[in-house]
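Data first, discussion second: the structure below is written as structure tokens.
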Amino acid sequence: MAEIIWTKLAQKDAEEIHDFIAKDSVYYAQKTIQKFFDRISILKKYPNSGRIVPELNKTDIRELI
């Protein structure tokens, strides 16, 4: 199983996305963040399923669009 490492920027972005959506609906804010974690679990199980980040061009760093 792959290790997932969140950058500080990614953590901050997720918090800001949550806070923005929560202004209208806490329920949908939580649901959106849960979708992030659901997608991340794909990378944990299948680390090669994401694409290589073009600007980094490292095979061990992947992203899901």
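Chain identifiers are assigned as A, B, and so on, following the order in which chains appear in the structure tokens; residues are numbered from 1 within each chain, and ligands are numbered from 1 in order of appearance.
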
I'd like to know which residues of chain A are strand (DSSP E or B) (by DSSP, run on the backbone); could you write them as a compact mmCIF listing (two decimals) with N, CA and C atoms, in the first residue's frame?
```txt
# COMPACT_ATOMS: atom_id res chain seq x y z
N ARG A 51 -2.01 9.86 -12.48
CA ARG A 51 -1.02 10.23 -13.50
C ARG A 51 0.20 10.86 -12.83
N ILE A 52 1.31 10.74 -13.50
CA ILE A 52 2.53 11.38 -13.02
C ILE A 52 2.31 12.89 -13.14
N ARG A 62 2.05 11.05 -7.75
CA ARG A 62 0.89 10.89 -8.63
C ARG A 62 -0.22 11.86 -8.24
N GLU A 63 -1.12 12.08 -9.19
CA GLU A 63 -2.29 12.90 -8.92
C GLU A 63 -3.50 12.31 -9.62
```

| said: Residues within 12 Å of segment 7-11 of chain A, please, as a ChimeraX atom specification. Count only C-alpha atoms; anything in the same chain fewer than 5 positions from it doesn't count. | reply: /A:16-18,33,36-37,63

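Straight-line separation from atom CA of Lys44 of chain A to atom CA of Met1 of chain A: 5.4 Å.
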
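Across the structure, atom CA of Leu64 of chain A and atom CA of Arg39 of chain A are spaced 7.6 Å apart.
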
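With only C-alpha atoms as the atoms that count, the residue of A:Ile4, A:Ala14, A:Ile65, A:Val53 with the shortest distance to Gln34 of chain A is A:Ala14.
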